[in-house]
Amino acid sequence: MSVSTAPSLQLTDYLEKLPGTTFRKLYQQPSTAFAIFRRMLPQLAKTFVMRMLFMPKPMLLHDLELWAFHIVHITAPSRDKPQEMQLSSNFRTSMRLALTGGGTHQSFGVPSNLTVPTEIDINFLDRYAKKKWEDILHFVVSSVGYKSSAEANGPNKSVKELIISGRLVDRRPGGGIGITQAGFTFLLQEANAQVWTLLLLWLEAMDNNREAGLEAVDMLSFLFVLASMELGRAYDTNALTEQRRNMLPSLVDFGLVHVPHHKRSMFFPTRLATTLTSGSSSSLRTISEGVTAATTAVQTSGGPLGSTEKGSVVVETNYRVYAYTHSTLQIAVLALFCKLTSRFPDMVAGRLTRASIRQAINFGITADQIIAYLAAHAHEQMHRTALQTAKPVLPPTVIDQIRLWQLENERMKTTVGFLFKEFEDHKEYLAVAGFAEEIGVLVWRSDKTGMFFASKHEQIRDYLRIRKKAE
């Protein structure tokens, strides 16, 4: 399984790449039309959609440009008739059904008629989703090993492979894994963006793996269906198509769906699923707040609220770090760039050192990302002190030193390649070195000593063979 090396981190970016035919298929489902309308459109666009939704005839086009996601169809200009615009037929029909009801599309799921197990309620689903998602985040920060002995403590093997293929982590010598720069950026996203990042990696992987029998269009449509379902309600598995039933095991691994072991004919969407298209205005930029907000029982208008948990990290001028937290996930992230020395029930203590910062840099984490993380988690006392003294939240000496340690690591750069020397004469050296420079593989050359260094050797080898034959 392989996916693109640069994962799409935004749902908007992914949708903008889709062709119009894909949108026509997606808009056949009222749940998709409603999800796009609720989450993806700006307020002005929503106003125009509502005004045009029940118009019997298309309106004239004046200064309005083409809307995103192929929602609006604009006629081509002609001499006989002015340009007109109207909602695309599939979107208009599905959006009307979403708002007025009716039809047999079953786009918003079919509730199960079976008796719901007494132990399954909203609190149970929140705990279940939180456990699943924290396992995934733990794996990203390498707190769960990739070896078989740790399989029971982490996410499913297929999820691990997806995370590795998506370059959120990469394999290291010795069989372990390490977080990449993209992985650290992933951790600092808000919870909803984290979920979509993983889902889009999954969509791209299935799109490249035709043997799996899953189509990206139907997968994306089903995700919009889940987003429109009611949290805590059981839905009928048998009402799903075969392809969507085949999606459930992966969604269970992600923590978006719970399927009771003793009642396979029903499934429950978790809060991670029902908030996929949430329009929440909360900006969740930290790990602890993101996981808490995605799984907390507090909600507003179908979306998660920002966590009320205050910052917990204190950074002193002597490079000591104290974190007042019992979150193992936050402790694991701190361990990426801090040397932790003590741990108590509700606090950990450590120190920023040259070795710990270099370790983080080797993982692909930049100094600016470390500084941003510490600032985002800074204790409220640090904020009050900064406000009273008109100084930065983090000590400037610590910020400067972190950046200096990164610069120290950048003084020397290693390049894998091949050293060419001991040519028959200087003329041959100049010819071969010139060829290496032409094809863009020359890294270093010394005309005085008659040596050069190249990153690749295959074309140079062939060139030498041809040169020898010509002589």
# chains A, B, ... in the order shown; residues from 1 in each chain; ligands from 1
>>> closest_atom_pairs(of="stretch 208-254 of chain A", to="stretch 153-175 of chain A", cutoff="10 Å", atoms="only C-alpha atoms", output="CSV")
residue,atom,partner,partner_atom,distance
A:Ser250,CA,A:Val159,CA,8.1
A:Val252,CA,A:Asn156,CA,9.7
A:Asp253,CA,A:Asn156,CA,6.3
A:Phe254,CA,A:Val159,CA,7.6
>>> atom_distance(atom1="atom CA of A:Trp405", atom2="atom CA of A:Trp444")
27.2 Å
>>> residues_around(residues="A:Gln406", least_positions_apart="6", cutoff="8 Å", atoms="only C-alpha atoms", output="number ranges by chain")
A: 357-358, 361, 366-367
>>> write_last_selection(atoms="N, CA and C atoms", output="compact mmCIF listing (two decimals), in the first residue's frame")
# COMPACT_ATOMS: atom_id res chain seq x y z
N ILE A 357 17.17 18.35 22.19
CA ILE A 357 16.76 19.14 21.03
C ILE A 357 17.29 18.51 19.75
N ARG A 358 18.52 18.01 19.79
CA ARG A 358 19.07 17.34 18.61
C ARG A 358 18.27 16.08 18.27
N ILE A 361 15.26 17.25 16.48
CA ILE A 361 15.60 17.69 15.12
C ILE A 361 15.84 16.48 14.22
N THR A 366 11.24 20.90 13.98
CA THR A 366 12.02 22.13 13.91
C THR A 366 11.97 22.87 15.24
N ALA A 367 12.92 23.80 15.42
CA ALA A 367 12.95 24.62 16.63
C ALA A 367 11.67 25.44 16.77
>>> select_by_dssp(residues="stretch 231-290 of chain A", states="alpha helix (DSSP H)", output="list in words")
Glu242, Gln243, Arg244, Arg245, Asn246, Met247, Leu248, Pro249, Ser250, Leu251, Val252, Asp253, Phe254, Arg271, Leu272, Ala273, Thr274, Ile287, Ser288, Glu289 and Gly290 of chain A
>>> write_last_selection(atoms="N, CA and C atoms", output="PDB file, in the first residue's frame")
ATOM      1  N   GLU A 242     -22.993  -3.447   0.433  1.00  0.00           N
ATOM      2  CA  GLU A 242     -21.876  -4.338   0.765  1.00  0.00           C
ATOM      3  C   GLU A 242     -20.569  -3.566   0.891  1.00  0.00           C
ATOM      4  N   GLN A 243     -20.374  -2.594   0.008  1.00  0.00           N
ATOM      5  CA  GLN A 243     -19.141  -1.818   0.053  1.00  0.00           C
ATOM      6  C   GLN A 243     -19.034  -1.029   1.352  1.00  0.00           C
ATOM      7  N   ARG A 244     -20.135  -0.460   1.794  1.00  0.00           N
ATOM      8  CA  ARG A 244     -20.100   0.308   3.039  1.00  0.00           C
ATOM      9  C   ARG A 244     -19.967  -0.596   4.256  1.00  0.00           C
ATOM     10  N   ARG A 245     -20.515  -1.787   4.190  1.00  0.00           N
ATOM     11  CA  ARG A 245     -20.298  -2.744   5.287  1.00  0.00           C
ATOM     12  C   ARG A 245     -18.816  -3.127   5.362  1.00  0.00           C
ATOM     13  N   ASN A 246     -18.167  -3.215   4.204  1.00  0.00           N
ATOM     14  CA  ASN A 246     -16.735  -3.530   4.187  1.00  0.00           C
ATOM     15  C   ASN A 246     -15.883  -2.385   4.736  1.00  0.00           C
ATOM     16  N   MET A 247     -16.441  -1.184   4.780  1.00  0.00           N
ATOM     17  CA  MET A 247     -15.719  -0.041   5.334  1.00  0.00           C
ATOM     18  C   MET A 247     -15.739  -0.030   6.858  1.00  0.00           C
ATOM     19  N   LEU A 248     -16.723  -0.685   7.451  1.00  0.00           N
ATOM     20  CA  LEU A 248     -16.908  -0.601   8.904  1.00  0.00           C
ATOM     21  C   LEU A 248     -15.686  -1.059   9.705  1.00  0.00           C
ATOM     22  N   PRO A 249     -15.003  -2.173   9.348  1.00  0.00           N
ATOM     23  CA  PRO A 249     -13.837  -2.569  10.155  1.00  0.00           C
ATOM     24  C   PRO A 249     -12.765  -1.477  10.243  1.00  0.00           C
ATOM     25  N   SER A 250     -12.514  -0.787   9.136  1.00  0.00           N
ATOM     26  CA  SER A 250     -11.521   0.295   9.167  1.00  0.00           C
ATOM     27  C   SER A 250     -12.014   1.461  10.011  1.00  0.00           C
ATOM     28  N   LEU A 251     -13.296   1.778   9.907  1.00  0.00           N
ATOM     29  CA  LEU A 251     -13.851   2.872  10.703  1.00  0.00           C
ATOM     30  C   LEU A 251     -13.847   2.526  12.190  1.00  0.00           C
ATOM     31  N   VAL A 252     -14.005   1.248  12.497  1.00  0.00           N
ATOM     32  CA  VAL A 252     -13.885   0.799  13.888  1.00  0.00           C
ATOM     33  C   VAL A 252     -12.457   1.011  14.379  1.00  0.00           C
ATOM     34  N   ASP A 253     -11.483   0.695  13.533  1.00  0.00           N
ATOM     35  CA  ASP A 253     -10.076   0.891  13.910  1.00  0.00           C
ATOM     36  C   ASP A 253      -9.752   2.364  14.162  1.00  0.00           C
ATOM     37  N   PHE A 254     -10.407   3.271  13.427  1.00  0.00           N
ATOM     38  CA  PHE A 254     -10.175   4.697  13.605  1.00  0.00           C
ATOM     39  C   PHE A 254     -10.918   5.267  14.815  1.00  0.00           C
ATOM     40  N   ARG A 271     -18.525  10.271  18.519  1.00  0.00           N
ATOM     41  CA  ARG A 271     -18.451  11.723  18.353  1.00  0.00           C
ATOM     42  C   ARG A 271     -17.419  12.125  17.304  1.00  0.00           C
ATOM     43  N   LEU A 272     -16.380  11.305  17.122  1.00  0.00           N
ATOM     44  CA  LEU A 272     -15.406  11.598  16.079  1.00  0.00           C
ATOM     45  C   LEU A 272     -16.053  11.579  14.699  1.00  0.00           C
ATOM     46  N   ALA A 273     -17.093  10.745  14.521  1.00  0.00           N
ATOM     47  CA  ALA A 273     -17.788  10.662  13.231  1.00  0.00           C
ATOM     48  C   ALA A 273     -18.847  11.743  13.093  1.00  0.00           C
ATOM     49  N   THR A 274     -19.652  11.952  14.145  1.00  0.00           N
ATOM     50  CA  THR A 274     -20.762  12.897  14.038  1.00  0.00           C
ATOM     51  C   THR A 274     -20.307  14.350  13.978  1.00  0.00           C
ATOM     52  N   ILE A 287      -2.634  18.908  21.369  1.00  0.00           N
ATOM     53  CA  ILE A 287      -2.989  17.492  21.435  1.00  0.00           C
ATOM     54  C   ILE A 287      -4.043  17.242  22.500  1.00  0.00           C
ATOM     55  N   SER A 288      -3.750  17.689  23.729  1.00  0.00           N
ATOM     56  CA  SER A 288      -4.662  17.399  24.834  1.00  0.00           C
ATOM     57  C   SER A 288      -6.032  18.025  24.592  1.00  0.00           C
ATOM     58  N   GLU A 289      -6.089  19.255  24.149  1.00  0.00           N
ATOM     59  CA  GLU A 289      -7.372  19.908  23.879  1.00  0.00           C
ATOM     60  C   GLU A 289      -8.087  19.247  22.711  1.00  0.00           C
ATOM     61  N   GLY A 290      -7.315  18.843  21.677  1.00  0.00           N
ATOM     62  CA  GLY A 290      -7.937  18.241  20.507  1.00  0.00           C
ATOM     63  C   GLY A 290      -8.628  16.934  20.828  1.00  0.00           C
TER      64      GLY A 290
END
>>> closest_residue(among="A:Thr317, A:Thr277, A:Thr93, A:Thr341", to="A:Pro395", atoms="only C-alpha atoms")
A:Thr317
